[in-house]
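Participant: Sharing a structure here in structure tokens format.
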Amino acid sequence: MSPTDDIKQVKEASKDNLLAMQNVVGVGVGYQIKGGEQTGNYAIVVMVTRKLPLPALAPNAILPKNVDGVTIDVIEVGELRALQARTDRWRPAPGGISIGHYKITAGTFGAIVRDKKSGDRLILSNNHVIANSNDADPGDQVLQPGPIDGGSPDVDTIAHLDRFCPIEFATEPGTCDIADTYASLGNAVAGLLGSKHRVNTQQSDPQAVNLVDAALAKPINDSDVLDEILEIGNIEGSEEGLLGMSIRKSGRTTSFTTSQINLINATVDVNYGSDRTARFENQFVSGPMSQGGDSGSLLVAGDSQHAVGLLFAGSNQSTIFNPFQAVLDCLEVEI
């Protein structure tokens with residue numbers, strides 16, 4: 001019988017008593033750790049949600065130093081949860097998962113922010129994710145998960161649209177009756193002459209520029225949302241994005257990814273579909289770290305718990321995000 005077999009027997013005999021103790025969530029066999037280094041000595045390893053100093057522990061929460069001569073070691077593992085897909089229904093819901101206005105497909109629940117005046121906790125994401133690219137009204141249903149992930153207005157409404165920063169489109173389908181009449185007459189003549197080409201009206205505003213694609217939704221039940229972001233944790237503040245800065249994000253489609261800021265002060269034209277484009281100024285550009293459905297993800301500094309930006313667009317080669325301070329200013333919220 002090997003030494004590990006002996007220790008396994010002791011572990012099996014003692015596991016129920018150990019698991020019954022406060023703060024303990026698991027027991028296994030492993031190597032003892034001292035000073036952050038693996039010693040090579042076998043131990044019964046007890047997993048706790050949080051390591052606390054002895055004075056902070058109740059007498060019945062203090063683990064023995066050994067059981068039947070086998071050393072007890074302790075590691076902190078946090079709260080162990082059943083893993084869910086980011087496209088599943090989550091209650092309570094953390095940042096980094098599927099969400100969307102009831103008329104869109106889905107994007108990402110970015111983070112929880114606070115209203116500057118009321119202090120209310122609000123869900124932050126993109127305008128095009130929870131406000132349907134301006135085509136929504138305050139009070140509209142916001143679903144978690146988003147509609148393409150099976151979200152239903154009847155059972156999955158987690159919040160109602162609170163407000164958004166309008167997107168000013170440089171080009172979009174025309175709404176002028178006079179222009180539509182001219183286009184209809186021209187298309188009729190083209191048809192009579194055998195042409196297969198047709199014209200459509202388009203509204204153009206070359207002066208239209210934007211800083212952010214951002215919106216807020218108010219949870220129906222405050223307890224249904226968490227401050228933390230999956231695989232990142234709680235956000236503790238914000239900071240300015242700098243050229244070369246390491247960044248990370250947690251999103252619906254590509255989960256946890258990292259990159260660095262490659263461009264600052266960028267001016268970009270973004271295609272919103274349906275013949276609509278919008279120009280954004282003073283944007284950050286990183287390497288590829290997102291795909292469709294990641295819009296709304298919070299960009300976080302690689303070496304701190306500080307928000308840097310709000311992801312809203314990208315391609316296979318790059319990702320675009322709004323400076324976070326511009327988002328806070330437009331929506332009048334704080335982290």
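Note on naming: chains are A, B, ... as they come in the structure tokens, residues start from 1 per chain, ligands start from 1 in the order shown.
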Residues within 7 Å of A:Pro138, please, as an mmCIF file with C-alpha atoms, in the first residue's frame. Count only C-alpha atoms; anything in the same chain fewer than 6 positions from it doesn't count.
Facilitator:
```cif
data_model
loop_
_atom_site.group_PDB
_atom_site.id
_atom_site.type_symbol
_atom_site.label_atom_id
_atom_site.label_comp_id
_atom_site.auth_asym_id
_atom_site.auth_seq_id
_atom_site.Cartn_x
_atom_site.Cartn_y
_atom_site.Cartn_z
ATOM 1 C CA LEU A 161 -34.473 50.334 -19.487
ATOM 2 C CA ASP A 162 -33.675 53.420 -17.428
ATOM 3 C CA ARG A 163 -31.826 55.761 -19.814
#
```
Participant: Could you pull out the residues in stretch 36-150 of chain A that DSSP calls strand (DSSP E or B) from the backbone, as a CSV table (one decimal) with C-alpha atoms, in the first residue's frame?
Facilitator:
```
chain,number,residue,atom,x,y,z
A,37,GLU,CA,6.0,26.5,-1.9
A,38,GLN,CA,5.1,22.9,-2.3
A,39,THR,CA,7.0,20.8,0.2
A,40,GLY,CA,6.6,17.3,-1.3
A,41,ASN,CA,5.0,16.1,1.9
A,42,TYR,CA,1.5,14.6,1.7
A,43,ALA,CA,-1.3,16.1,3.7
A,44,ILE,CA,-5.0,16.1,4.0
A,45,VAL,CA,-5.9,19.5,2.4
A,46,VAL,CA,-9.0,21.2,3.7
A,47,MET,CA,-10.6,23.7,1.4
A,48,VAL,CA,-12.2,26.8,3.0
A,66,ASN,CA,-3.4,16.7,12.2
A,67,VAL,CA,-5.7,13.7,12.1
A,70,VAL,CA,-1.6,13.0,9.0
A,71,THR,CA,-0.9,16.7,8.6
A,72,ILE,CA,-3.9,19.0,7.9
A,73,ASP,CA,-3.2,21.8,5.5
A,74,VAL,CA,-5.7,24.6,4.5
A,75,ILE,CA,-6.2,26.4,1.2
A,76,GLU,CA,-8.7,29.2,0.4
A,93,ALA,CA,-26.7,37.7,-12.3
A,94,PRO,CA,-23.0,38.8,-12.4
A,95,GLY,CA,-21.4,40.9,-15.0
A,98,SER,CA,-25.9,37.4,-21.7
A,99,ILE,CA,-28.4,40.3,-21.6
A,100,GLY,CA,-30.4,42.2,-24.1
A,101,HIS,CA,-33.4,44.4,-24.9
A,107,GLY,CA,-25.0,41.4,-25.7
A,108,THR,CA,-23.1,41.5,-22.4
A,111,ALA,CA,-21.2,45.8,-14.6
A,112,ILE,CA,-23.2,47.4,-11.8
A,113,VAL,CA,-22.9,51.1,-11.4
A,114,ARG,CA,-24.5,53.6,-9.0
A,115,ASP,CA,-26.7,56.6,-9.9
A,121,ARG,CA,-27.7,50.1,-8.5
A,122,LEU,CA,-28.1,50.0,-12.3
A,123,ILE,CA,-27.0,47.6,-15.0
A,124,LEU,CA,-24.5,49.1,-17.4
A,125,SER,CA,-24.2,47.9,-21.0
A,141,GLN,CA,-38.0,45.1,-20.8
A,142,VAL,CA,-34.4,44.0,-20.6
A,143,LEU,CA,-33.9,40.2,-20.6
```
Participant: Quick one: of A:Ala56, A:Leu216, A:Ala61, A:Leu311, who's nearest to A:Asp294, counting only C-alpha atoms?
Facilitator: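 Nearest to A:Asp294: A:Leu311.
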Participant: Among the residues of stretch 28-277 of chain A, find those DSSP assigns to helix (DSSP H, G or I) from the backbone and print them as a VMD selection string.
Facilitator: chain A and resid 54 to 56 59 to 61 127 to 130 147 to 149 177 to 192 222 to 224
Participant: Using N, CA and C atoms, can you write the selected residues to a file as a CSV table (one decimal), in the first residue's frame?
Facilitator:
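Once written, result_4.csv looks like this:
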```
chain,number,residue,atom,x,y,z
A,54,LEU,N,-6.5,33.0,13.4
A,54,LEU,CA,-7.1,32.2,14.5
A,54,LEU,C,-8.0,33.0,15.4
A,55,PRO,N,-7.6,34.3,15.8
A,55,PRO,CA,-8.5,35.1,16.7
A,55,PRO,C,-9.9,35.4,16.1
A,56,ALA,N,-10.0,35.3,14.8
A,56,ALA,CA,-11.2,35.6,14.1
A,56,ALA,C,-12.1,34.4,14.0
A,59,PRO,N,-14.4,28.8,18.2
A,59,PRO,CA,-13.7,27.6,18.7
A,59,PRO,C,-14.0,26.4,17.8
A,60,ASN,N,-15.3,26.3,17.4
A,60,ASN,CA,-15.7,25.1,16.6
A,60,ASN,C,-15.3,25.2,15.2
A,61,ALA,N,-14.7,26.3,14.8
A,61,ALA,CA,-14.2,26.5,13.4
A,61,ALA,C,-12.7,26.3,13.2
A,127,ASN,N,-25.8,51.0,-25.5
A,127,ASN,CA,-27.1,51.4,-26.1
A,127,ASN,C,-27.6,50.4,-27.0
A,128,HIS,N,-26.8,49.9,-27.9
A,128,HIS,CA,-27.3,48.9,-28.9
A,128,HIS,C,-27.6,47.5,-28.3
A,129,VAL,N,-27.3,47.3,-27.1
A,129,VAL,CA,-27.6,46.1,-26.4
A,129,VAL,C,-28.9,46.2,-25.6
A,130,ILE,N,-29.0,47.2,-24.8
A,130,ILE,CA,-30.2,47.2,-24.0
A,130,ILE,C,-31.2,48.4,-24.3
A,147,PRO,N,-32.6,37.5,-25.9
A,147,PRO,CA,-33.6,36.7,-26.7
A,147,PRO,C,-32.9,35.6,-27.5
A,148,ILE,N,-31.8,35.8,-28.1
A,148,ILE,CA,-31.2,34.7,-28.9
A,148,ILE,C,-30.7,33.6,-28.0
A,149,ASP,N,-30.6,33.8,-26.7
A,149,ASP,CA,-30.1,32.7,-25.8
A,149,ASP,C,-31.3,32.1,-25.1
A,177,ASP,N,-40.3,62.5,-46.8
A,177,ASP,CA,-41.4,62.1,-47.7
A,177,ASP,C,-41.1,62.6,-49.2
A,178,ILE,N,-40.5,63.8,-49.3
A,178,ILE,CA,-40.2,64.4,-50.6
A,178,ILE,C,-39.2,63.5,-51.3
A,179,ALA,N,-38.1,63.2,-50.6
A,179,ALA,CA,-37.0,62.3,-51.1
A,179,ALA,C,-37.6,60.9,-51.5
A,180,ASP,N,-38.4,60.4,-50.6
A,180,ASP,CA,-39.0,59.1,-50.9
A,180,ASP,C,-39.9,59.1,-52.2
A,181,THR,N,-40.6,60.2,-52.4
A,181,THR,CA,-41.4,60.4,-53.6
A,181,THR,C,-40.5,60.4,-54.8
A,182,TYR,N,-39.5,61.2,-54.8
A,182,TYR,CA,-38.6,61.2,-56.0
A,182,TYR,C,-37.9,59.9,-56.2
A,183,ALA,N,-37.6,59.2,-55.2
A,183,ALA,CA,-37.0,57.8,-55.3
A,183,ALA,C,-38.0,56.9,-56.0
A,184,SER,N,-39.2,56.9,-55.5
A,184,SER,CA,-40.2,56.0,-56.1
A,184,SER,C,-40.5,56.3,-57.5
A,185,LEU,N,-40.6,57.6,-57.9
A,185,LEU,CA,-40.8,57.9,-59.3
A,185,LEU,C,-39.6,57.5,-60.2
A,186,GLY,N,-38.4,57.7,-59.6
A,186,GLY,CA,-37.2,57.3,-60.4
A,186,GLY,C,-37.1,55.8,-60.6
A,187,ASN,N,-37.5,55.0,-59.5
A,187,ASN,CA,-37.5,53.6,-59.6
A,187,ASN,C,-38.5,53.1,-60.6
A,188,ALA,N,-39.7,53.8,-60.6
A,188,ALA,CA,-40.7,53.4,-61.6
A,188,ALA,C,-40.3,53.6,-63.0
A,189,VAL,N,-39.6,54.7,-63.3
A,189,VAL,CA,-39.1,55.0,-64.6
A,189,VAL,C,-38.0,54.0,-65.0
A,190,ALA,N,-37.1,53.7,-64.0
A,190,ALA,CA,-36.1,52.7,-64.3
A,190,ALA,C,-36.7,51.3,-64.7
A,191,GLY,N,-37.8,51.0,-63.9
A,191,GLY,CA,-38.4,49.7,-64.3
A,191,GLY,C,-39.0,49.7,-65.7
A,192,LEU,N,-39.6,50.8,-66.0
A,192,LEU,CA,-40.2,50.9,-67.4
A,192,LEU,C,-39.1,50.8,-68.5
A,222,ASP,N,-33.4,44.3,-6.6
A,222,ASP,CA,-31.9,44.6,-6.4
A,222,ASP,C,-31.1,43.3,-6.1
A,223,SER,N,-31.7,42.3,-5.5
A,223,SER,CA,-31.0,41.1,-5.1
A,223,SER,C,-30.7,40.2,-6.3
A,224,ASP,N,-31.3,40.5,-7.5
A,224,ASP,CA,-31.1,39.7,-8.7
A,224,ASP,C,-29.8,40.0,-9.4
```
Participant: Find the spatial neighbours of A:Gly233, counting only C-alpha atoms, within a cut-off of 8 Å - ignore same-chain residues fewer than 4 positions away - and output them as number ranges by chain.
Facilitator: A: 228-229, 305
Participant: What is the atom CA of A:Ala106 to atom CA of A:Ala301 distance in Å?
Facilitator: 24.9 Å
Participant: Can you list, as JSON, numbers by chain, every protein, DNA or RNA residue that comes within 10 Å of stretch 238-246 of chain A when you count only C-alpha atoms, leaving out same-chain residues fewer than 4 positions away?
Facilitator: {"A": [258, 259, 260, 261, 262, 263, 264, 265, 283, 284, 285, 286, 299, 300, 301, 302, 303, 304, 305, 306, 307, 308, 309, 322, 323, 324, 325, 328, 334, 335]}
Participant: Using only C-alpha atoms, which residues sit within 8 Å of A:Ala313 once same-chain residues fewer than 4 positions away are excluded, as an mmCIF file with N, CA and C atoms, in the first residue's frame?
Facilitator:
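Below is the file that was written, around23.cif:
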```
data_model
loop_
_atom_site.group_PDB
_atom_site.id
_atom_site.type_symbol
_atom_site.label_atom_id
_atom_site.label_comp_id
_atom_site.auth_asym_id
_atom_site.auth_seq_id
_atom_site.Cartn_x
_atom_site.Cartn_y
_atom_site.Cartn_z
ATOM 1 N N VAL A 270 -18.321 53.150 -37.329
ATOM 2 C CA VAL A 270 -18.825 51.837 -36.940
ATOM 3 C C VAL A 270 -20.128 51.540 -37.671
ATOM 4 N N SER A 295 -20.403 42.790 -26.892
ATOM 5 C CA SER A 295 -20.681 44.214 -26.712
ATOM 6 C C SER A 295 -21.301 44.465 -25.344
ATOM 7 N N THR A 319 -10.468 45.440 -31.374
ATOM 8 C CA THR A 319 -11.623 45.697 -30.517
ATOM 9 C C THR A 319 -11.637 47.178 -30.161
ATOM 10 N N ILE A 320 -12.832 47.774 -30.174
ATOM 11 C CA ILE A 320 -12.988 49.211 -29.920
ATOM 12 C C ILE A 320 -13.764 49.406 -28.624
ATOM 13 N N PHE A 321 -13.321 50.347 -27.807
ATOM 14 C CA PHE A 321 -14.085 50.617 -26.585
ATOM 15 C C PHE A 321 -14.041 52.088 -26.205
#
```
Participant: From the options A:Asp6, A:Asp120, A:Asp269, A:Asp88, which residue's atoms come nearest to A:Gly151, counting only C-alpha atoms?
Facilitator: A:Asp88
Participant: Please compute the atom CA of A:Gly296-atom CA of A:Gly251 distance, one decimal, in Å.
Facilitator: 7.9 Å
Participant: Which distance in Å separates atom CA of A:Val209 and atom CA of A:Thr105, to one decimal?
Facilitator: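 Calculated distance between atom CA of A:Val209 and atom CA of A:Thr105 is 25.6 Å.
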Participant: Which polymer residues have any atom within 9 Å of an atom of A:Gly150, counting only C-alpha atoms, with same-chain residues fewer than 6 positions away left out, as a list in words?
Facilitator: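 Residues meeting the cut-off are Thr87, Asp88, Arg89, Gln144 and Asp156 of chain A.
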Participant: I need the chosen residues saved as a tab-separated table (two decimals), in the first residue's frame, with C-alpha atoms.
Facilitator:
```tsv
chain	number	residue	atom	x	y	z
A	87	THR	CA	-25.78	32.26	-22.10
A	88	ASP	CA	-27.77	30.62	-19.28
A	89	ARG	CA	-30.25	32.28	-16.97
A	144	GLN	CA	-31.32	37.93	-19.01
A	156	ASP	CA	-36.62	36.37	-17.96
```
Participant: Find the spatial neighbours of A:Ser315, counting only C-alpha atoms, within a cut-off of 9 Å - ignore same-chain residues fewer than 6 positions away - and output them as a list in words.
Facilitator: Pro288, Ser290, Gln291 and Gly292 of chain A
Participant: Mind writing the picked residues with N, CA and C atoms as an mmCIF file, in the first residue's frame?
Facilitator:
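Dumped everything to again.cif:
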```cif
data_model
loop_
_atom_site.group_PDB
_atom_site.id
_atom_site.type_symbol
_atom_site.label_atom_id
_atom_site.label_comp_id
_atom_site.auth_asym_id
_atom_site.auth_seq_id
_atom_site.Cartn_x
_atom_site.Cartn_y
_atom_site.Cartn_z
ATOM 1 N N PRO A 288 -7.401 41.895 -31.041
ATOM 2 C CA PRO A 288 -8.643 41.116 -31.053
ATOM 3 C C PRO A 288 -8.881 40.440 -29.705
ATOM 4 N N SER A 290 -12.604 40.032 -28.760
ATOM 5 C CA SER A 290 -14.066 39.965 -28.670
ATOM 6 C C SER A 290 -14.665 39.445 -29.964
ATOM 7 N N GLN A 291 -15.922 39.025 -29.852
ATOM 8 C CA GLN A 291 -16.732 38.641 -31.003
ATOM 9 C C GLN A 291 -18.153 39.147 -30.756
ATOM 10 N N GLY A 292 -19.033 38.945 -31.750
ATOM 11 C CA GLY A 292 -20.414 39.366 -31.593
ATOM 12 C C GLY A 292 -21.026 38.809 -30.328
#
```
Participant: Which residue gives the smallest distance to A:Ala136 among A:Leu18, A:Ile33, A:Asp275, A:Lys103, with only C-alpha atoms counted?
Facilitator: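 Among A:Leu18, A:Ile33, A:Asp275, A:Lys103, it is A:Lys103 that comes nearest to A:Ala136.
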Participant: Looking at A:Leu226, A:Leu211, A:Asp154, A:Ser133, which one is nearest to A:Asp329, with distances taken over only C-alpha atoms?
Facilitator: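 Result for the nearest residue to A:Asp329: A:Leu211.
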